[in-house]
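Structure file protein14.cif with mmCIF, C-alpha atoms:
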data_structure
loop_
_atom_site.label_atom_id
_atom_site.label_comp_id
_atom_site.auth_asym_id
_atom_site.auth_seq_id
_atom_site.Cartn_x
_atom_site.Cartn_y
_atom_site.Cartn_z
CA MET A 1 -55.25 36.36 3.43
CA THR A 2 -52.53 38.83 4.16
CA GLU A 3 -49.55 36.59 3.25
CA PRO A 4 -47.26 37.84 0.42
CA ARG A 5 -48.54 37.04 -3.02
CA GLN A 6 -47.30 37.72 -6.51
CA ALA A 7 -49.10 38.71 -9.72
CA ALA A 8 -47.56 37.94 -13.09
CA GLY A 9 -44.85 40.40 -13.96
CA VAL A 10 -44.56 41.83 -10.44
CA PRO A 11 -41.12 41.70 -8.79
CA ALA A 12 -40.67 39.28 -5.92
CA ALA A 13 -39.98 40.67 -2.48
CA GLU A 14 -36.30 39.79 -2.64
CA ASP A 15 -35.92 41.56 -6.02
CA SER A 16 -37.73 44.72 -4.97
CA PRO A 17 -35.92 47.98 -4.24
CA ARG A 18 -34.39 48.13 -0.77
CA PRO A 19 -34.26 51.39 1.16
CA VAL A 20 -30.84 52.95 1.60
CA PRO A 21 -29.64 52.63 5.24
CA GLY A 22 -30.50 55.71 7.21
CA GLU A 23 -32.90 56.92 4.53
CA GLN A 24 -36.68 56.70 4.90
CA PRO A 25 -38.40 55.99 1.59
CA SER A 26 -41.35 58.29 0.96
CA ARG A 27 -43.14 56.56 -1.87
CA ALA A 28 -42.88 53.57 -4.19
CA PRO A 29 -41.35 53.91 -7.64
CA ALA A 30 -44.15 54.55 -10.13
CA ALA A 31 -42.77 51.90 -12.52
CA TRP A 32 -43.14 49.09 -9.97
CA THR A 33 -46.67 50.01 -8.93
CA ASP A 34 -47.68 50.45 -12.58
CA VAL A 35 -46.48 46.91 -13.30
CA ALA A 36 -48.70 45.61 -10.51
CA ARG A 37 -51.68 47.62 -11.72
CA ARG A 38 -51.28 46.60 -15.38
CA ALA A 39 -50.78 42.93 -14.48
CA GLY A 40 -53.90 42.91 -12.33
CA GLY A 41 -55.88 44.83 -14.94
CA ARG A 42 -54.91 42.54 -17.84
CA MET A 43 -55.85 39.38 -15.98
CA ALA A 44 -59.16 40.90 -14.88
CA ALA A 45 -59.94 41.96 -18.47
CA ALA A 46 -59.94 38.33 -19.64
CA SER A 47 -62.45 37.41 -16.92
CA GLU A 48 -64.62 40.40 -17.83
CA THR A 49 -64.79 39.27 -21.46
CA TRP A 50 -65.90 35.73 -20.63
CA LEU A 51 -68.39 36.91 -18.02
CA LEU A 52 -69.87 39.46 -20.41
CA LEU A 53 -70.31 36.73 -23.00
CA ALA A 54 -72.01 34.51 -20.41
CA LEU A 55 -74.24 37.44 -19.41
CA VAL A 56 -75.37 37.99 -23.02
CA ILE A 57 -76.12 34.29 -23.46
CA MET A 58 -78.11 34.23 -20.21
CA ILE A 59 -80.14 37.27 -21.28
CA VAL A 60 -80.97 35.60 -24.60
CA ILE A 61 -82.07 32.39 -22.83
CA PHE A 62 -84.32 34.21 -20.36
CA THR A 63 -85.77 36.40 -23.12
CA VAL A 64 -86.70 33.30 -25.13
CA GLN A 65 -88.15 31.61 -22.03
CA ALA A 66 -90.24 34.65 -21.02
CA PRO A 67 -90.83 36.83 -24.11
CA GLY A 68 -92.18 40.28 -23.30
CA LYS A 69 -91.60 39.85 -19.56
CA PHE A 70 -87.84 39.73 -19.13
CA LEU A 71 -85.57 42.79 -19.36
CA THR A 72 -88.25 45.27 -20.34
CA LEU A 73 -87.45 48.92 -19.58
CA THR A 74 -89.53 48.76 -16.39
CA ASP A 75 -87.93 45.51 -15.34
CA PHE A 76 -84.45 46.91 -15.99
CA SER A 77 -85.23 50.02 -13.93
CA LEU A 78 -86.50 47.96 -11.00
CA MET A 79 -83.46 45.68 -11.08
CA GLY A 80 -81.16 48.70 -11.12
CA GLN A 81 -82.88 50.28 -8.14
CA ASP A 82 -82.88 47.04 -6.16
CA ALA A 83 -79.14 46.61 -6.78
CA ALA A 84 -78.15 50.26 -6.21
CA TRP A 85 -76.74 49.86 -2.70
CA LEU A 86 -75.14 46.54 -3.65
CA LEU A 87 -73.24 48.29 -6.45
CA VAL A 88 -72.11 51.04 -4.08
CA MET A 89 -70.82 48.46 -1.59
CA ALA A 90 -69.22 46.42 -4.38
CA VAL A 91 -67.03 49.43 -5.19
CA GLY A 92 -65.55 49.38 -1.68
CA GLU A 93 -65.34 45.59 -1.63
CA THR A 94 -63.36 45.65 -4.89
CA PHE A 95 -60.62 47.74 -3.29
CA VAL A 96 -60.57 45.43 -0.25
CA ILE A 97 -60.36 42.21 -2.24
CA ILE A 98 -57.62 43.55 -4.54
CA THR A 99 -55.48 44.13 -1.43
CA GLY A 100 -55.93 40.45 -0.59
CA GLY A 101 -58.46 41.00 2.19
CA ILE A 102 -62.20 40.58 2.56
CA ASP A 103 -64.94 42.61 4.21
CA LEU A 104 -67.86 40.56 5.54
CA SER A 105 -69.30 43.45 7.54
CA VAL A 106 -70.69 45.63 4.73
CA GLY A 107 -74.31 44.49 5.08
CA SER A 108 -74.31 45.12 8.82
CA LEU A 109 -72.62 48.51 8.39
CA LEU A 110 -75.33 49.41 5.89
CA VAL A 111 -77.96 48.66 8.53
CA LEU A 112 -76.12 50.45 11.35
CA SER A 113 -75.47 53.55 9.22
CA GLY A 114 -79.11 53.73 8.19
CA VAL A 115 -80.19 53.40 11.83
CA THR A 116 -77.90 56.19 13.08
CA ALA A 117 -78.87 58.47 10.19
CA ASP A 118 -82.60 57.96 10.76
CA LEU A 119 -82.25 58.26 14.54
CA TYR A 120 -80.99 61.82 14.14
CA CYS A 121 -83.78 62.68 11.70
CA ILE A 122 -86.43 61.25 14.05
CA HIS A 123 -85.28 63.64 16.79
CA HIS A 124 -85.05 66.59 14.39
CA GLY A 125 -88.33 66.70 12.53
CA GLY A 126 -89.28 63.06 11.98
CA ALA A 127 -91.14 62.47 8.73
CA GLY A 128 -91.18 66.22 8.11
CA ALA A 129 -87.44 66.70 8.68
CA SER A 130 -85.83 69.49 6.65
CA TRP A 131 -83.07 68.98 4.11
CA ALA A 132 -80.60 70.39 6.64
CA ALA A 133 -81.56 67.70 9.18
CA ILE A 134 -81.42 65.05 6.46
CA ALA A 135 -77.94 66.22 5.46
CA VAL A 136 -76.67 66.09 9.04
CA GLY A 137 -78.26 62.67 9.58
CA SER A 138 -76.70 61.39 6.35
CA LEU A 139 -73.28 62.67 7.42
CA ILE A 140 -73.69 60.85 10.73
CA GLY A 141 -74.54 57.65 8.87
CA LEU A 142 -71.54 58.01 6.55
CA ALA A 143 -69.25 58.79 9.49
CA THR A 144 -70.52 55.71 11.33
CA GLY A 145 -69.66 53.42 8.44
CA CYS A 146 -66.31 55.10 7.81
CA ALA A 147 -65.25 55.01 11.47
CA TRP A 148 -66.23 51.35 11.87
CA GLY A 149 -64.38 50.45 8.69
CA ALA A 150 -61.27 52.36 9.82
CA MET A 151 -61.38 50.54 13.17
CA GLN A 152 -61.48 47.20 11.37
CA GLY A 153 -58.65 48.30 9.10
CA PHE A 154 -56.56 49.24 12.13
CA LEU A 155 -57.07 45.81 13.72
CA ILE A 156 -56.14 44.12 10.43
CA ALA A 157 -53.12 46.30 9.59
CA LYS A 158 -51.67 47.02 13.03
CA GLY A 159 -53.07 44.16 15.10
CA LYS A 160 -52.32 41.60 12.35
CA VAL A 161 -55.69 39.92 12.90
CA PRO A 162 -56.94 38.21 9.70
CA SER A 163 -59.50 40.28 7.80
CA LEU A 164 -61.91 37.32 7.75
CA ILE A 165 -62.05 37.26 11.57
CA VAL A 166 -62.16 41.03 12.07
CA THR A 167 -64.93 41.69 9.56
CA LEU A 168 -66.92 38.61 10.63
CA ALA A 169 -66.87 40.02 14.16
CA GLY A 170 -67.88 43.39 12.73
CA PHE A 171 -70.73 41.75 10.84
CA ILE A 172 -72.08 40.25 14.05
CA ALA A 173 -71.45 43.24 16.31
CA ALA A 174 -72.75 45.99 14.01
CA GLY A 175 -75.87 44.33 12.61
CA GLU A 176 -76.89 41.88 15.31
CA GLY A 177 -75.56 43.94 18.20
CA VAL A 178 -75.37 47.74 18.04
CA ALA A 179 -78.19 48.21 15.53
CA TYR A 180 -80.55 46.08 17.64
CA LEU A 181 -79.53 47.89 20.80
CA ILE A 182 -80.35 51.26 19.24
CA THR A 183 -83.68 50.19 17.74
CA GLY A 184 -84.77 47.78 20.47
CA GLY A 185 -85.10 45.09 17.80
CA ALA A 186 -87.84 46.91 15.84
CA ASP A 187 -87.38 48.88 12.63
CA PHE A 188 -87.60 52.66 12.58
CA ARG A 189 -90.45 53.47 10.22
CA THR A 190 -90.34 57.24 10.53
CA VAL A 191 -88.17 58.30 7.60
CA PRO A 192 -88.06 61.88 6.22
CA ASN A 193 -90.59 62.23 3.40
CA ARG A 194 -88.23 64.46 1.45
CA LEU A 195 -85.58 61.74 1.41
CA VAL A 196 -88.03 59.02 0.34
CA ASN A 197 -89.81 61.08 -2.32
CA THR A 198 -86.58 62.40 -3.85
CA ILE A 199 -83.84 59.77 -3.54
CA GLY A 200 -86.09 56.76 -3.05
CA LEU A 201 -88.81 57.48 -5.62
CA GLY A 202 -87.59 60.44 -7.67
CA SER A 203 -85.48 60.64 -10.80
CA VAL A 204 -83.06 63.00 -12.54
CA LEU A 205 -83.28 63.37 -16.33
CA GLY A 206 -85.52 60.29 -16.37
CA VAL A 207 -83.03 58.14 -14.45
CA PRO A 208 -84.00 57.09 -10.91
CA TRP A 209 -81.81 58.77 -8.31
CA LEU A 210 -80.84 55.40 -6.83
CA ILE A 211 -79.39 54.24 -10.15
CA ALA A 212 -77.76 57.58 -10.91
CA ILE A 213 -75.99 57.75 -7.54
CA SER A 214 -74.75 54.16 -7.71
CA PHE A 215 -73.43 54.63 -11.27
CA VAL A 216 -71.59 57.82 -10.31
CA VAL A 217 -69.97 56.05 -7.35
CA ALA A 218 -68.94 53.13 -9.57
CA ILE A 219 -67.46 55.42 -12.23
CA VAL A 220 -65.52 57.49 -9.70
CA GLY A 221 -64.30 54.30 -7.97
CA GLY A 222 -63.17 52.88 -11.32
CA LEU A 223 -61.24 56.04 -12.19
CA VAL A 224 -59.58 56.10 -8.78
CA LEU A 225 -58.59 52.44 -9.08
CA ALA A 226 -57.26 52.73 -12.62
CA PHE A 227 -55.58 56.13 -12.73
CA THR A 228 -54.51 57.28 -9.27
CA GLN A 229 -51.71 56.53 -6.86
CA PHE A 230 -54.28 55.13 -4.44
CA GLY A 231 -55.28 52.54 -7.04
CA ARG A 232 -51.67 51.67 -7.91
CA TYR A 233 -50.84 51.13 -4.25
CA THR A 234 -53.93 48.93 -3.87
CA TYR A 235 -52.76 46.62 -6.66
CA ALA A 236 -49.17 46.64 -5.39
CA ILE A 237 -50.16 45.63 -1.85
CA GLY A 238 -52.39 42.84 -3.15
CA SER A 239 -49.64 41.56 -5.45
CA ASN A 240 -46.90 41.45 -2.82
CA PRO A 241 -47.28 43.38 0.45
CA GLU A 242 -43.68 42.79 1.56
CA ALA A 243 -42.30 44.10 -1.73
CA ALA A 244 -44.66 47.06 -1.41
CA ARG A 245 -43.22 47.86 2.03
CA ARG A 246 -39.65 47.68 0.73
CA ALA A 247 -40.62 49.92 -2.17
CA GLY A 248 -41.73 52.62 0.26
CA ILE A 249 -45.51 52.16 0.41
CA GLY A 250 -47.11 52.68 3.82
CA VAL A 251 -48.95 49.37 3.66
CA ASP A 252 -50.62 49.59 7.08
CA ARG A 253 -51.80 53.14 6.50
CA HIS A 254 -53.16 52.25 3.06
CA LEU A 255 -55.05 49.21 4.37
CA ILE A 256 -56.74 51.38 7.02
CA LYS A 257 -57.81 53.78 4.26
CA VAL A 258 -59.17 50.95 2.11
CA TYR A 259 -61.32 49.51 4.91
CA ALA A 260 -62.47 53.01 5.88
CA LEU A 261 -63.53 53.53 2.26
CA SER A 262 -65.43 50.24 2.30
CA GLY A 263 -67.22 51.30 5.50
CA LEU A 264 -67.98 54.75 4.06
CA LEU A 265 -69.59 53.26 0.97
CA ALA A 266 -71.55 50.81 3.13
CA GLY A 267 -72.80 53.88 4.98
CA LEU A 268 -73.89 55.45 1.69
CA GLY A 269 -75.64 52.17 0.88
CA GLY A 270 -77.50 52.52 4.18
CA ILE A 271 -78.79 55.97 3.17
CA LEU A 272 -79.95 54.63 -0.22
CA SER A 273 -81.64 51.64 1.41
CA LEU A 274 -83.35 53.91 3.95
CA ALA A 275 -84.71 56.10 1.15
CA SER A 276 -85.82 53.12 -0.94
CA PHE A 277 -87.62 51.08 1.73
CA ASP A 278 -88.89 53.97 3.90
CA SER A 279 -87.61 51.91 6.84
CA THR A 280 -84.36 50.79 8.44
CA THR A 281 -84.97 47.11 7.43
CA ILE A 282 -82.54 45.81 10.05
CA ALA A 283 -83.29 42.17 9.19
CA GLY A 284 -83.30 42.63 5.44
CA HIS A 285 -79.59 42.73 4.61
CA ALA A 286 -78.23 39.56 6.18
CA PHE A 287 -76.88 38.25 2.86
CA ASP A 288 -75.84 41.53 1.23
CA ASN A 289 -72.19 40.83 2.07
CA LEU A 290 -72.29 37.50 0.23
CA GLU A 291 -74.01 39.04 -2.79
CA VAL A 292 -71.38 41.78 -2.97
CA ILE A 293 -68.44 39.38 -2.58
CA THR A 294 -69.98 37.06 -5.19
CA ALA A 295 -70.31 39.94 -7.66
CA VAL A 296 -66.69 41.04 -7.16
CA ALA A 297 -65.37 37.48 -7.45
CA LEU A 298 -67.46 36.80 -10.56
CA GLY A 299 -66.06 40.00 -12.04
CA GLY A 300 -62.55 38.59 -12.03
CA ALA A 301 -61.12 39.93 -8.75
CA SER A 302 -58.81 37.37 -7.16
CA LEU A 303 -59.58 36.51 -3.56
CA PHE A 304 -55.81 36.18 -3.16
CA GLY A 305 -55.27 39.81 -4.10
CA GLY A 306 -53.53 41.73 -6.87
CA ARG A 307 -56.20 41.42 -9.54
CA GLY A 308 -59.59 42.99 -10.22
CA SER A 309 -61.36 45.93 -11.85
CA MET A 310 -64.41 48.06 -11.24
CA LEU A 311 -65.89 47.17 -14.61
CA GLY A 312 -65.56 43.51 -13.75
CA SER A 313 -67.35 44.03 -10.42
CA PHE A 314 -70.15 45.88 -12.22
CA ILE A 315 -70.55 43.05 -14.75
CA GLY A 316 -70.42 40.49 -11.93
CA LEU A 317 -73.22 42.25 -10.05
CA ALA A 318 -75.25 42.56 -13.26
CA PHE A 319 -74.78 38.82 -13.85
CA SER A 320 -75.97 37.78 -10.38
CA THR A 321 -78.85 40.31 -10.37
CA ILE A 322 -80.14 39.29 -13.81
CA LEU A 323 -79.72 35.60 -12.96
CA LEU A 324 -81.93 35.95 -9.88
CA GLU A 325 -84.50 38.11 -11.72
CA GLY A 326 -84.63 35.69 -14.64
CA LEU A 327 -85.14 32.69 -12.38
CA VAL A 328 -88.00 34.52 -10.64
CA ILE A 329 -89.68 35.36 -13.95
CA ILE A 330 -89.52 31.82 -15.29
CA GLY A 331 -90.88 30.50 -11.99
CA VAL A 332 -87.89 28.73 -10.44
CA ASN A 333 -88.23 27.99 -6.72
CA GLN A 334 -86.62 30.66 -4.52
CA TYR A 335 -84.36 28.13 -2.81
CA TRP A 336 -82.90 27.04 -6.15
CA GLN A 337 -82.10 30.69 -6.82
CA GLU A 338 -79.84 30.77 -3.76
CA VAL A 339 -78.25 27.49 -4.87
CA ALA A 340 -77.51 29.06 -8.27
CA ILE A 341 -75.76 32.07 -6.71
CA GLY A 342 -73.74 29.82 -4.39
CA ALA A 343 -72.70 27.66 -7.32
CA ALA A 344 -71.67 30.77 -9.27
CA LEU A 345 -69.44 31.88 -6.38
CA VAL A 346 -67.78 28.46 -6.10
CA ALA A 347 -67.24 28.43 -9.87
CA ALA A 348 -65.65 31.89 -9.78
CA VAL A 349 -63.22 30.89 -7.01
CA TYR A 350 -62.38 27.62 -8.78
CA LEU A 351 -61.61 29.46 -12.03
CA ASP A 352 -59.42 31.89 -10.10
CA GLN A 353 -57.49 28.95 -8.59
CA PHE A 354 -57.22 27.28 -12.01
CA ARG A 355 -55.83 30.45 -13.59
CA ARG A 356 -53.28 30.81 -10.77
CA ARG A 357 -52.10 27.22 -11.26
CA GLN A 358 -51.83 27.72 -15.02
CA ARG A 359 -49.80 30.92 -14.58
CA GLY A 360 -47.53 29.16 -12.10
CA ALA A 361 -47.00 26.22 -14.47
CA GLY A 362 -46.31 28.66 -17.32
CA ARG A 363 -43.63 30.46 -15.29
CA VAL A 364 -41.98 27.13 -14.44
CA ARG A 365 -41.95 26.06 -18.11
CA TRP A 366 -40.43 29.35 -19.27
CA ALA A 367 -37.78 29.14 -16.52
CA ALA A 368 -36.89 25.59 -17.58
CA LEU A 369 -36.63 26.61 -21.23
CA TRP A 370 -34.45 29.58 -20.32
CA GLN A 371 -32.12 27.37 -18.24
CA PHE A 372 -31.96 24.80 -21.06
CA GLY A 373 -31.04 27.56 -23.52
CA ARG A 374 -28.22 28.75 -21.25
CA GLN A 375 -26.83 25.24 -20.94
CA ARG A 376 -26.92 24.72 -24.71
CA ALA A 377 -25.15 28.05 -25.22
#

As structure tokens, how would this structure be written, given the file I've shared?
Amino acid sequence: MTEPRQAAGVPAAEDSPRPVPGEQPSRAPAAWTDVARRAGGRMAAASETWLLLALVIMIVIFTVQAPGKFLTLTDFSLMGQDAAWLLVMAVGETFVIITGGIDLSVGSLLVLSGVTADLYCIHHGGAGASWAAIAVGSLIGLATGCAWGAMQGFLIAKGKVPSLIVTLAGFIAAGEGVAYLITGGADFRTVPNRLVNTIGLGSVLGVPWLIAISFVVAIVGGLVLAFTQFGRYTYAIGSNPEAARRAGIGVDRHLIKVYALSGLLAGLGGILSLASFDSTTIAGHAFDNLEVITAVALGGASLFGGRGSMLGSFIGLAFSTILLEGLVIIGVNQYWQEVAIGAALVAAVYLDQFRRRQRGAGRVRWAALWQFGRQRA
């Protein structure tokens, strides 16, 4: 997943700027990275439009099937709270997938971060822990996720180990290994009351804290991806990592930052989950990574890198969340719900492949027409 790849309109590696001998490039030309960002954004926008249309149609169908039960204000609030940590992790996963990688470890890092955060609180006040202890415990949880993510990024960028293998190993080691060693295989059920009553059950201006925090993270992540150098470099690396290197981008350093960000946001998801469930729920997040990846892929991010948007990931998560909730309300068997999500993921990847083939065929046709025109001239 780290081989060079090219988005429409992005220069090939051999056409990219070469550094002058004896001169160390410091940063990529803004024009080149903007091309990569705009190309990835335009292609994601088309996917967002179709997915949003499908989402509206699905809402109408479920509303007709279960009038007065589906998508009421209470139902919407509950769905938003249940998906809060998934949205937070989807923000980090979006950055990872746009670079052409994948992070399978986010669900396990959520669990491990929640365990380390709660472990500190248990030893510093338990259920009656002060806000100061909660803050320190939360910082420990965030640092755990960030450090683990940075370690994975280092192995991927410097060790050249495929992201699939590194993060799969991280998924097993963090969730099934370290978290179980710390807890002895049993959940911690002593969670600070202040954390549960405020973040888990409380609200701000009528909006549950879980939803408010996840929306703020998504908005900030979207702004960073769309308008900052960090976002431009992310698109450029996903479009063509070799061209990005020749243009002066520190590809390895950026990849480490991206995986550290994914781990950090998984850590934040662990704090939100801890507050929501009043427990570490070490066995309750085994499929969170697949739900997050499905949401990002449904939202138009290419698993081959170079394309995606935060809005698309948000719509993708809304689609999968509402699909599952609607199937529950109309009484569909739970196992068919999982089949539906799996089918949605396969469909998203197939459409991505189809679009790539169409773009490739289009470039070949235009090249042939251009050559024919030259010969006629």

Which segment 215-282 of chain A residues have any atom within 7 Å of an atom of segment 156-179 of chain A, and for each, what is the nearest pair of atoms with distance in Å to one decimal, counting all atoms listed in the file, rows sorted by chain and number, as a tab-separated table?
residue	atom	partner	partner_atom	distance
A:Asp252	CA	A:Ala157	CA	4.8
A:Leu255	CA	A:Ala157	CA	6.3
A:Ile256	CA	A:Ala157	CA	6.7

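Evaluated on this file, the PyMOL selection byres ((chain A and resi 181-184) around 12) matches Val111, Leu112, Ser113, Gly114, Val115, Thr116, Ala117, Asp118, Leu119, Tyr120, Ile122, Ala173, Ala174, Gly175, Glu176, Gly177, Val178, Ala179, Tyr180, Gly185, Ala186, Asp187, Phe188, Arg189, Ser279, Thr280, Thr281, Ile282 and Ala283 of chain A.
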
Using only C-alpha atoms: which of A:Leu210, A:Leu345, A:Val64, A:Ala150 has the shortest distance to Gly80 of chain A: A:Leu210

Hits from the PyMOL selection byres ((chain A and resi 86) around 8), listed as a PyMOL selection string: chain A and resi 83-85+87-90+269+288+291-292+317

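Computed from the coordinates, the atom CA of Asn197 of chain A to atom CA of Gln81 of chain A distance equals 14.1 Å.
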
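Across the model, the gap from atom CA of Leu139 of chain A to atom CA of Phe287 of chain A is 25.1 Å.
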
Residues matched by the PyMOL selection byres ((chain A and resi 134) around 12) as JSON, numbers by chain: {"A": [114, 116, 117, 118, 119, 120, 121, 122, 123, 124, 125, 126, 127, 128, 129, 130, 131, 132, 133, 135, 136, 137, 138, 139, 140, 141, 191, 192, 193, 194, 195, 196, 198, 199, 271, 274, 275]}

Who sits within 12 Å of Leu225 of chain A, all atoms listed in the file, same chain under 5 positions skipped, as an mmCIF file with C-alpha atoms, in the frame of the given file:
data_model
loop_
_atom_site.group_PDB
_atom_site.id
_atom_site.type_symbol
_atom_site.label_atom_id
_atom_site.label_comp_id
_atom_site.auth_asym_id
_atom_site.auth_seq_id
_atom_site.Cartn_x
_atom_site.Cartn_y
_atom_site.Cartn_z
ATOM 1 C CA ASP A 34 -47.680 50.450 -12.580
ATOM 2 C CA ARG A 37 -51.680 47.620 -11.720
ATOM 3 C CA ARG A 38 -51.280 46.600 -15.380
ATOM 4 C CA GLY A 40 -53.900 42.910 -12.330
ATOM 5 C CA GLY A 41 -55.880 44.830 -14.940
ATOM 6 C CA VAL A 91 -67.030 49.430 -5.190
ATOM 7 C CA GLY A 92 -65.550 49.380 -1.680
ATOM 8 C CA THR A 94 -63.360 45.650 -4.890
ATOM 9 C CA PHE A 95 -60.620 47.740 -3.290
ATOM 10 C CA VAL A 96 -60.570 45.430 -0.250
ATOM 11 C CA ILE A 98 -57.620 43.550 -4.540
ATOM 12 C CA THR A 99 -55.480 44.130 -1.430
ATOM 13 C CA ALA A 218 -68.940 53.130 -9.570
ATOM 14 C CA ILE A 219 -67.460 55.420 -12.230
ATOM 15 C CA VAL A 220 -65.520 57.490 -9.700
ATOM 16 C CA PHE A 230 -54.280 55.130 -4.440
ATOM 17 C CA GLY A 231 -55.280 52.540 -7.040
ATOM 18 C CA ARG A 232 -51.670 51.670 -7.910
ATOM 19 C CA TYR A 233 -50.840 51.130 -4.250
ATOM 20 C CA THR A 234 -53.930 48.930 -3.870
ATOM 21 C CA TYR A 235 -52.760 46.620 -6.660
ATOM 22 C CA ALA A 236 -49.170 46.640 -5.390
ATOM 23 C CA VAL A 258 -59.170 50.950 2.110
ATOM 24 C CA ARG A 307 -56.200 41.420 -9.540
ATOM 25 C CA GLY A 308 -59.590 42.990 -10.220
ATOM 26 C CA SER A 309 -61.360 45.930 -11.850
ATOM 27 C CA MET A 310 -64.410 48.060 -11.240
ATOM 28 C CA LEU A 311 -65.890 47.170 -14.610
#
